[in-house]
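Structure data (mmCIF, C-alpha atoms and all ligand atoms) from upload20.cif:
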data_work
loop_
_atom_site.label_atom_id
_atom_site.label_comp_id
_atom_site.auth_asym_id
_atom_site.auth_seq_id
_atom_site.Cartn_x
_atom_site.Cartn_y
_atom_site.Cartn_z
CA MET A 1 194.22 32.99 78.11
CA LYS A 2 194.54 33.79 81.83
CA THR A 3 197.97 33.93 83.48
CA ARG A 4 198.08 30.77 85.61
CA ILE A 5 199.74 31.34 88.98
CA ILE A 6 201.28 28.98 91.55
CA LEU A 7 201.06 30.91 94.80
CA CYS A 8 203.94 30.13 97.16
CA GLY A 9 203.09 31.13 100.73
CA ALA A 10 199.41 30.78 99.76
CA CYS A 11 198.24 30.33 103.38
CA GLY A 12 199.90 33.46 104.72
CA LYS A 13 198.62 37.03 104.99
CA MET A 14 199.86 38.12 101.55
CA GLY A 15 198.74 34.82 100.00
CA GLY A 16 195.22 35.54 101.29
CA ASN A 17 195.25 39.05 99.83
CA VAL A 18 196.39 37.78 96.41
CA LEU A 19 193.74 35.05 96.40
CA SER A 20 190.91 37.40 97.26
CA LEU A 21 191.92 39.81 94.46
CA LEU A 22 192.21 36.97 91.95
CA GLU A 23 188.59 35.96 92.61
CA ASN A 24 187.44 38.84 90.38
CA ASP A 25 190.38 38.94 87.98
CA THR A 26 189.55 38.10 84.38
CA GLU A 27 193.21 37.86 83.30
CA ALA A 28 194.88 35.77 86.02
CA VAL A 29 194.03 32.78 88.19
CA ALA A 30 195.70 30.86 91.04
CA VAL A 31 195.87 27.21 89.95
CA CYS A 32 197.33 25.98 93.25
CA GLY A 33 199.38 27.00 96.25
CA VAL A 34 202.53 25.78 97.98
CA ASP A 35 202.89 26.34 101.71
CA LEU A 36 204.84 24.70 104.53
CA PHE A 37 201.57 24.68 106.53
CA PRO A 38 198.76 23.90 104.06
CA LYS A 39 195.21 24.99 104.95
CA GLU A 40 191.83 24.80 103.23
CA ILE A 41 191.75 27.98 101.10
CA GLY A 42 189.69 26.96 98.07
CA ILE A 43 192.58 25.84 95.81
CA PRO A 44 194.86 22.80 96.13
CA VAL A 45 197.81 23.58 98.45
CA TYR A 46 200.93 21.41 98.50
CA LYS A 47 203.68 21.26 101.10
CA SER A 48 206.36 21.10 98.42
CA PHE A 49 206.80 22.01 94.74
CA SER A 50 207.56 18.34 94.04
CA ASP A 51 203.85 17.56 94.66
CA VAL A 52 202.48 20.22 92.26
CA LYS A 53 200.45 18.72 89.39
CA GLU A 54 198.88 21.82 87.85
CA GLU A 55 200.15 23.51 84.69
CA ALA A 56 201.12 27.14 85.26
CA ASP A 57 202.84 30.19 83.75
CA VAL A 58 204.23 32.06 86.76
CA ILE A 59 205.09 31.44 90.43
CA VAL A 60 204.19 34.29 92.77
CA ASP A 61 206.26 33.96 95.93
CA PHE A 62 205.07 35.53 99.18
CA SER A 63 206.57 32.97 101.55
CA SER A 64 210.03 33.63 103.01
CA ALA A 65 213.64 33.74 101.91
CA GLU A 66 214.11 30.17 103.12
CA ASN A 67 214.76 27.47 100.54
CA VAL A 68 214.40 29.85 97.58
CA LYS A 69 216.37 27.35 95.47
CA GLU A 70 213.40 24.96 95.40
CA ARG A 71 211.19 27.66 93.80
CA LEU A 72 213.88 28.73 91.34
CA GLU A 73 214.62 25.14 90.31
CA TYR A 74 210.91 24.40 89.76
CA ALA A 75 210.56 27.55 87.65
CA LYS A 76 213.58 26.55 85.56
CA ALA A 77 212.48 22.93 85.10
CA HIS A 78 208.92 23.94 84.07
CA LYS A 79 209.87 27.11 82.14
CA LEU A 80 207.85 29.42 84.41
CA GLY A 81 208.44 33.03 85.36
CA ILE A 82 208.81 33.80 89.06
CA VAL A 83 207.79 36.91 90.99
CA LEU A 84 210.01 36.95 94.09
CA ALA A 85 208.15 39.17 96.53
CA SER A 86 209.57 37.57 99.68
CA THR A 87 212.21 39.59 101.54
CA GLY A 88 215.21 38.78 103.72
CA PHE A 89 217.41 37.14 101.08
CA THR A 90 221.09 36.64 102.00
CA ALA A 91 223.99 37.62 99.73
CA LYS A 92 224.24 33.91 98.80
CA ASP A 93 220.53 33.82 97.87
CA LEU A 94 220.95 36.96 95.75
CA ALA A 95 223.86 35.39 93.86
CA LEU A 96 221.71 32.27 93.26
CA ILE A 97 218.85 34.44 91.98
CA ASP A 98 221.23 36.15 89.52
CA GLU A 99 222.44 32.74 88.34
CA TYR A 100 218.87 31.47 87.72
CA ALA A 101 217.97 34.71 85.94
CA LYS A 102 220.16 33.47 83.08
CA SER A 103 217.52 30.82 82.33
CA VAL A 104 214.32 32.08 84.05
CA PRO A 105 212.45 35.41 83.92
CA ILE A 106 212.64 36.71 87.51
CA PHE A 107 210.77 39.74 88.80
CA LYS A 108 212.21 40.76 92.14
CA THR A 109 211.38 43.78 94.21
CA ALA A 110 211.29 44.38 97.94
CA ASN A 111 208.21 46.53 97.45
CA LEU A 112 205.39 46.03 94.99
CA SER A 113 203.52 49.26 95.67
CA LEU A 114 203.53 51.98 93.05
CA GLY A 115 203.94 54.62 95.77
CA VAL A 116 207.21 53.19 97.07
CA ASN A 117 208.61 53.20 93.56
CA VAL A 118 207.80 56.91 93.35
CA LEU A 119 209.44 57.34 96.79
CA GLN A 120 212.53 55.59 95.41
CA ALA A 121 212.71 57.99 92.44
CA LEU A 122 212.23 61.02 94.75
CA CYS A 123 215.03 59.80 97.06
CA LYS A 124 217.38 59.44 94.11
CA ALA A 125 216.54 62.96 92.90
CA ALA A 126 217.01 64.41 96.41
CA ALA A 127 220.36 62.66 96.93
CA THR A 128 221.57 63.86 93.54
CA VAL A 129 220.77 67.50 94.31
CA LEU A 130 221.70 67.53 98.02
CA GLY A 131 224.88 65.44 97.78
CA GLU A 132 227.25 64.94 100.70
CA LEU A 133 226.05 68.00 102.63
CA TYR A 134 222.92 66.24 103.90
CA ASP A 135 222.95 63.23 106.25
CA VAL A 136 220.61 60.43 105.18
CA GLU A 137 218.69 58.41 107.78
CA ILE A 138 215.96 55.87 107.00
CA ILE A 139 213.30 54.88 109.51
CA GLU A 140 211.03 51.94 108.76
CA LYS A 141 208.08 50.71 110.84
CA HIS A 142 206.35 47.33 110.55
CA HIS A 143 204.04 45.00 112.48
CA ASN A 144 205.30 42.89 115.34
CA LEU A 145 205.30 39.63 113.33
CA LYS A 146 207.81 40.76 110.69
CA LYS A 147 210.80 38.42 110.72
CA ASP A 148 213.51 40.37 108.88
CA ALA A 149 215.03 43.73 109.80
CA PRO A 150 215.69 46.21 108.41
CA SER A 151 212.94 45.83 105.81
CA GLY A 152 213.84 44.91 102.25
CA THR A 153 212.31 48.23 101.20
CA ALA A 154 214.57 50.23 103.55
CA LEU A 155 217.59 48.46 102.07
CA MET A 156 216.28 49.06 98.54
CA LEU A 157 215.94 52.81 99.30
CA ALA A 158 219.43 52.88 100.83
CA ASP A 159 220.84 51.12 97.75
CA THR A 160 219.13 53.64 95.46
CA ILE A 161 220.61 56.57 97.39
CA ASN A 162 223.99 54.86 97.60
CA GLU A 163 224.10 54.53 93.80
CA VAL A 164 224.29 58.33 93.68
CA PHE A 165 227.39 58.14 95.90
CA ASP A 166 229.01 55.36 93.81
CA GLY A 167 228.31 52.80 96.56
CA LYS A 168 230.60 54.51 99.06
CA LYS A 169 228.04 54.82 101.87
CA LYS A 170 227.99 52.27 104.71
CA TYR A 171 224.74 51.18 106.35
CA LEU A 172 224.44 51.48 110.10
CA GLY A 173 221.59 49.79 111.95
CA GLY A 174 220.67 51.68 115.13
CA ARG A 175 223.00 53.52 117.49
CA GLU A 176 223.69 52.84 121.16
CA GLY A 177 226.19 54.08 123.71
CA ILE A 178 228.99 56.58 123.12
CA VAL A 179 229.04 56.33 119.35
CA GLY A 180 230.73 59.67 118.72
CA ALA A 181 229.95 62.17 116.00
CA ARG A 182 228.13 60.92 112.93
CA ASP A 183 230.39 59.78 110.14
CA LYS A 184 229.63 61.32 106.72
CA SER A 185 229.87 57.89 105.10
CA GLU A 186 226.88 56.53 107.08
CA ILE A 187 223.31 55.90 106.05
CA GLY A 188 221.49 55.11 109.28
CA ILE A 189 218.70 52.52 108.95
CA HIS A 190 216.35 52.10 111.91
CA ALA A 191 213.71 49.39 112.31
CA VAL A 192 210.65 49.94 114.52
CA ARG A 193 208.33 46.96 115.21
CA GLY A 194 204.88 47.08 116.75
CA GLY A 195 201.22 46.15 116.55
CA THR A 196 199.73 45.83 113.09
CA ILE A 197 201.68 48.55 111.23
CA VAL A 198 201.50 47.53 107.55
CA GLY A 199 204.66 49.33 106.42
CA GLU A 200 206.02 52.86 106.82
CA HIS A 201 209.22 54.28 105.35
CA GLU A 202 210.61 57.71 106.09
CA VAL A 203 213.82 59.03 104.54
CA LEU A 204 215.43 62.07 106.19
CA PHE A 205 217.91 64.30 104.42
CA ALA A 206 219.20 66.33 107.35
CA GLY A 207 221.29 69.37 106.50
CA GLU A 208 222.34 72.51 108.32
CA ASP A 209 219.20 74.25 109.59
CA GLU A 210 216.80 72.23 107.41
CA ILE A 211 215.46 68.70 107.04
CA ILE A 212 213.76 67.21 104.04
CA THR A 213 211.55 64.22 104.83
CA ILE A 214 210.15 61.95 102.14
CA SER A 215 207.80 59.25 103.35
CA HIS A 216 205.41 56.51 102.31
CA SER A 217 202.77 54.77 104.35
CA ALA A 218 201.03 51.58 103.22
CA ARG A 219 197.51 51.45 104.69
CA SER A 220 196.77 47.84 103.73
CA LYS A 221 198.59 44.79 102.40
CA ARG A 222 196.25 44.84 99.43
CA VAL A 223 198.48 47.36 97.66
CA PHE A 224 201.30 44.76 97.49
CA ALA A 225 198.94 42.03 96.25
CA VAL A 226 197.78 44.33 93.41
CA GLY A 227 201.44 44.85 92.43
CA ALA A 228 202.21 41.12 92.57
CA ILE A 229 199.36 40.26 90.22
CA ARG A 230 200.42 43.01 87.80
CA ALA A 231 203.97 41.63 87.95
CA ALA A 232 202.76 38.07 87.24
CA LYS A 233 200.85 39.21 84.15
CA PHE A 234 203.85 41.29 83.01
CA LEU A 235 206.26 38.36 83.45
CA ASN A 236 204.16 35.78 81.59
CA GLY A 237 206.00 34.97 78.35
CA LYS A 238 209.01 37.22 79.02
CA PRO A 239 212.52 35.99 78.15
CA ALA A 240 214.94 35.02 80.94
CA GLY A 241 216.42 37.92 82.89
CA ARG A 242 215.95 40.18 85.92
CA TYR A 243 212.93 42.49 85.98
CA GLU A 244 211.72 45.06 88.49
CA MET A 245 208.95 47.62 88.95
CA LYS A 246 210.49 50.17 86.63
CA ASP A 247 210.37 47.63 83.74
CA LEU A 248 206.70 46.94 84.44
CA LEU A 249 205.86 50.65 84.64
CA ALA A 250 207.77 51.36 81.42
CA GLU A 251 205.78 48.65 79.59
CA GLU A 252 202.42 49.72 81.08
CA ASN A 253 203.07 53.38 80.18
CA ASN A 254 204.00 52.61 76.58
N1 LIG B 1 207.64 42.72 98.05
C1 LIG B 1 206.61 43.25 98.71
O1 LIG B 1 206.02 44.26 98.29
C2 LIG B 1 206.12 42.59 99.97
C3 LIG B 1 204.97 43.05 100.61
C4 LIG B 1 204.51 42.37 101.74
C5 LIG B 1 205.21 41.27 102.22
N2 LIG B 1 206.35 40.89 101.60
C6 LIG B 1 207.10 39.71 102.04
O2 LIG B 1 206.34 38.56 101.72
C7 LIG B 1 206.64 37.50 102.64
C8 LIG B 1 205.34 36.96 103.24
O3 LIG B 1 204.68 37.97 104.00
P1 LIG B 1 203.34 37.62 104.83
O4 LIG B 1 203.04 38.86 105.60
O5 LIG B 1 202.30 37.03 103.96
O6 LIG B 1 203.92 36.50 105.84
P2 LIG B 1 203.12 35.32 106.52
O7 LIG B 1 204.02 34.80 107.59
O8 LIG B 1 201.74 35.73 106.90
O9 LIG B 1 202.98 34.22 105.37
C9 LIG B 1 204.03 33.45 104.87
C10 LIG B 1 203.48 32.08 104.44
O10 LIG B 1 204.51 31.39 103.73
C11 LIG B 1 204.67 30.09 104.25
N3 LIG B 1 206.09 29.74 104.09
C12 LIG B 1 207.16 30.25 104.78
N4 LIG B 1 208.31 29.72 104.30
C13 LIG B 1 207.95 28.89 103.28
C14 LIG B 1 208.68 28.05 102.38
N5 LIG B 1 210.02 27.96 102.44
N6 LIG B 1 207.99 27.32 101.45
C15 LIG B 1 206.64 27.40 101.39
N7 LIG B 1 205.88 28.17 102.24
C16 LIG B 1 206.53 28.89 103.15
C17 LIG B 1 204.21 30.17 105.71
O11 LIG B 1 203.73 28.90 106.14
C18 LIG B 1 203.08 31.20 105.63
O12 LIG B 1 201.82 30.58 105.37
C19 LIG B 1 207.61 38.13 103.66
O13 LIG B 1 208.94 37.83 103.25
C20 LIG B 1 207.35 39.62 103.54
O14 LIG B 1 208.44 40.43 103.93
C21 LIG B 1 206.81 41.52 100.49
#

Structure rendered as structure tokens:
Amino acid sequence: MKTRIILCGACGKMGGNVLSLLENDTEAVAVCGVDLFPKEIGIPVYKSFSDVKEEADVIVDFSSAENVKERLEYAKAHKLGIVLASTGFTAKDLALIDEYAKSVPIFKTANLSLGVNVLQALCKAAATVLGELYDVEIIEKHHNLKKDAPSGTALMLADTINEVFDGKKKYLGGREGIVGARDKSEIGIHAVRGGTIVGEHEVLFAGEDEIITISHSARSKRVFAVGAIRAAKFLNGKPAGRYEMKDLLAEENN
């Protein structure tokens, strides 16, 4: 039986990419959408989860961090999994997500592309070998409509590197004025916004007389939609808990 998806943010750019991929998918289907601004997109779209009538297995969320509780509560009440692909969650939202993960299977990642997950592993390996001697700076570039900054992916990469340093690093967004010499405890995170850039992440490990740069460039939003559909299929039928890309990859590679 196909994995039945409720697509939250169905009328947005990512929603459109997911829908077009699902047209030819034999294992998953979008049964309806939820969007603050419903449009005619070939499936029923509701303004709120309280209007949803269709039976489903998983919610795929590409909307925004706003009102995440509504999605989580619907998933809990209807025993659905939820793929949280939206970014920009506050610390309070993240605590709520952890609370709901006790009763709902939740797949959450700031980046659904396979390549960024490889980038994450490479950053961890580089930080482990290079240690405190190399300064880490992250530069992310996105289109001019992106609402949150820095990107969820940049923060995810910073968190991965920071794990190597037992969480001691502090994140610094941009520098201006007489800021003085760079503090060893910093990870600089810089957000560039312009045009239609899909998503670029560059991590610099700058040492004495050498720089190592590890980067990823997404050339289309399709790559994230592919990951979201894989995540929805993976999550269908899973017990409550938090899941991420490495769990999906471990299962697919088994
Ligand atoms: N995890 C990833 O790999 C990944 C990749 C791309 C985008 N994203 C994230 O996905 C989200 C959507 O990106 P997009 O480019 O499609 O944006 P978009 O603005 O084109 O689309 C968002 C859609 O969601 C709707 N929406 C917003 N808030 C809502 C709410 N509370 N309830 C219901 N609908 C709501 C909007 O009306 C809009 O149609 C962003 O948070 C973005 O950062 C994540």

Sorted per-residue table, segment 98-198 of chain A near segment 69-75 of chain A, closest atoms and distance, 10 Å, only C-alpha atoms, as CSV:
residue,atom,partner,partner_atom,distance
A:Glu99,CA,A:Leu72,CA,9.9
A:Tyr100,CA,A:Leu72,CA,6.7
A:Ala101,CA,A:Leu72,CA,9.0
A:Ser103,CA,A:Ala75,CA,9.4
A:Val104,CA,A:Ala75,CA,6.9
A:Pro105,CA,A:Ala75,CA,8.9
A:Ile106,CA,A:Leu72,CA,8.9

Given only C-alpha atoms and all ligand atoms as the counted atoms, nearest of A:Ile41, A:Val31, A:Val68, A:Val118 to ligand LIG 1 (chain B):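 Ranked by minimum distance to ligand LIG 1 (chain B), first place goes to A:Val68.
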
Expected selection as a ChimeraX atom specification for ligand LIG 1 (chain B) within 9 Å, all atoms listed in the file: /A:8-17,33-39,46-49,61-68,70-71,84-89,108-113,145-148,151-153,198-199,221-225,227-228

Contacts of His190 of chain A at 12 Å (all atoms listed in the file; same-chain gap of 3+ positions) as a PyMOL selection string: chain A and resi 136-142+149-151+154-155+158+171-176+187+193+200-204

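Across the structure, atom CA of His216 of chain A and atom CA of Ile229 of chain A are spaced 21.1 Å apart.
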
For segment 206-210 of chain A: contacts at 10 Å, all atoms listed in the file, fewer than 5 positions along chain excluded, given as a PyMOL selection string: chain A and resi 130+132-137

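Closest to Met156 of chain A among A:Glu244, A:Lys76, A:Ile97, A:Lys184 is A:Glu244, based on all atoms listed in the file.
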
Counting only C-alpha atoms, the option among A:Ala126, A:Leu21, A:Ile178, A:Ala30 closest to Ile211 of chain A: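 The answer is A:Ala126, which sits nearest to Ile211 of chain A.
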
Å distance separating atom CA of Ala125 of chain A from atom CA of Arg219 of chain A, one decimal place: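 Between atom CA of Ala125 of chain A and atom CA of Arg219 of chain A the gap works out to 25.2 Å.
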
From A:Ile161, A:Gly81, A:Gly115, A:Val45, residue lying nearest Lys102 of chain A [all atoms listed in the file]: A:Gly81

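With all atoms listed in the file as the atoms that count, the residue of A:Lys92, A:His143, A:Val83, A:Ile5 with the shortest distance to Ala191 of chain A is A:His143.
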
Ile59 of chain A surroundings by all atoms listed in the file, 6 Å radius, close-in-sequence under 5 positions cut, as a list in words: Ile5, Ile6, Leu7 and Ile82 of chain A

Around all the atoms of segment 214-227 of chain A listed in the file, with 5 Å of room on each side, what axis-aligned box do you get, giving centre and edge lengths in Å to one decimal, as lines of an AutoDock Vina configuration file?
center_x = 203.2
center_y = 52.0
center_z = 98.6
size_x = 23.9
size_y = 29.9
size_z = 22.3

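Taking atom CA of Phe165 of chain A as the reference point, atom CA of Glu186 of chain A is found at 11.3 Å.
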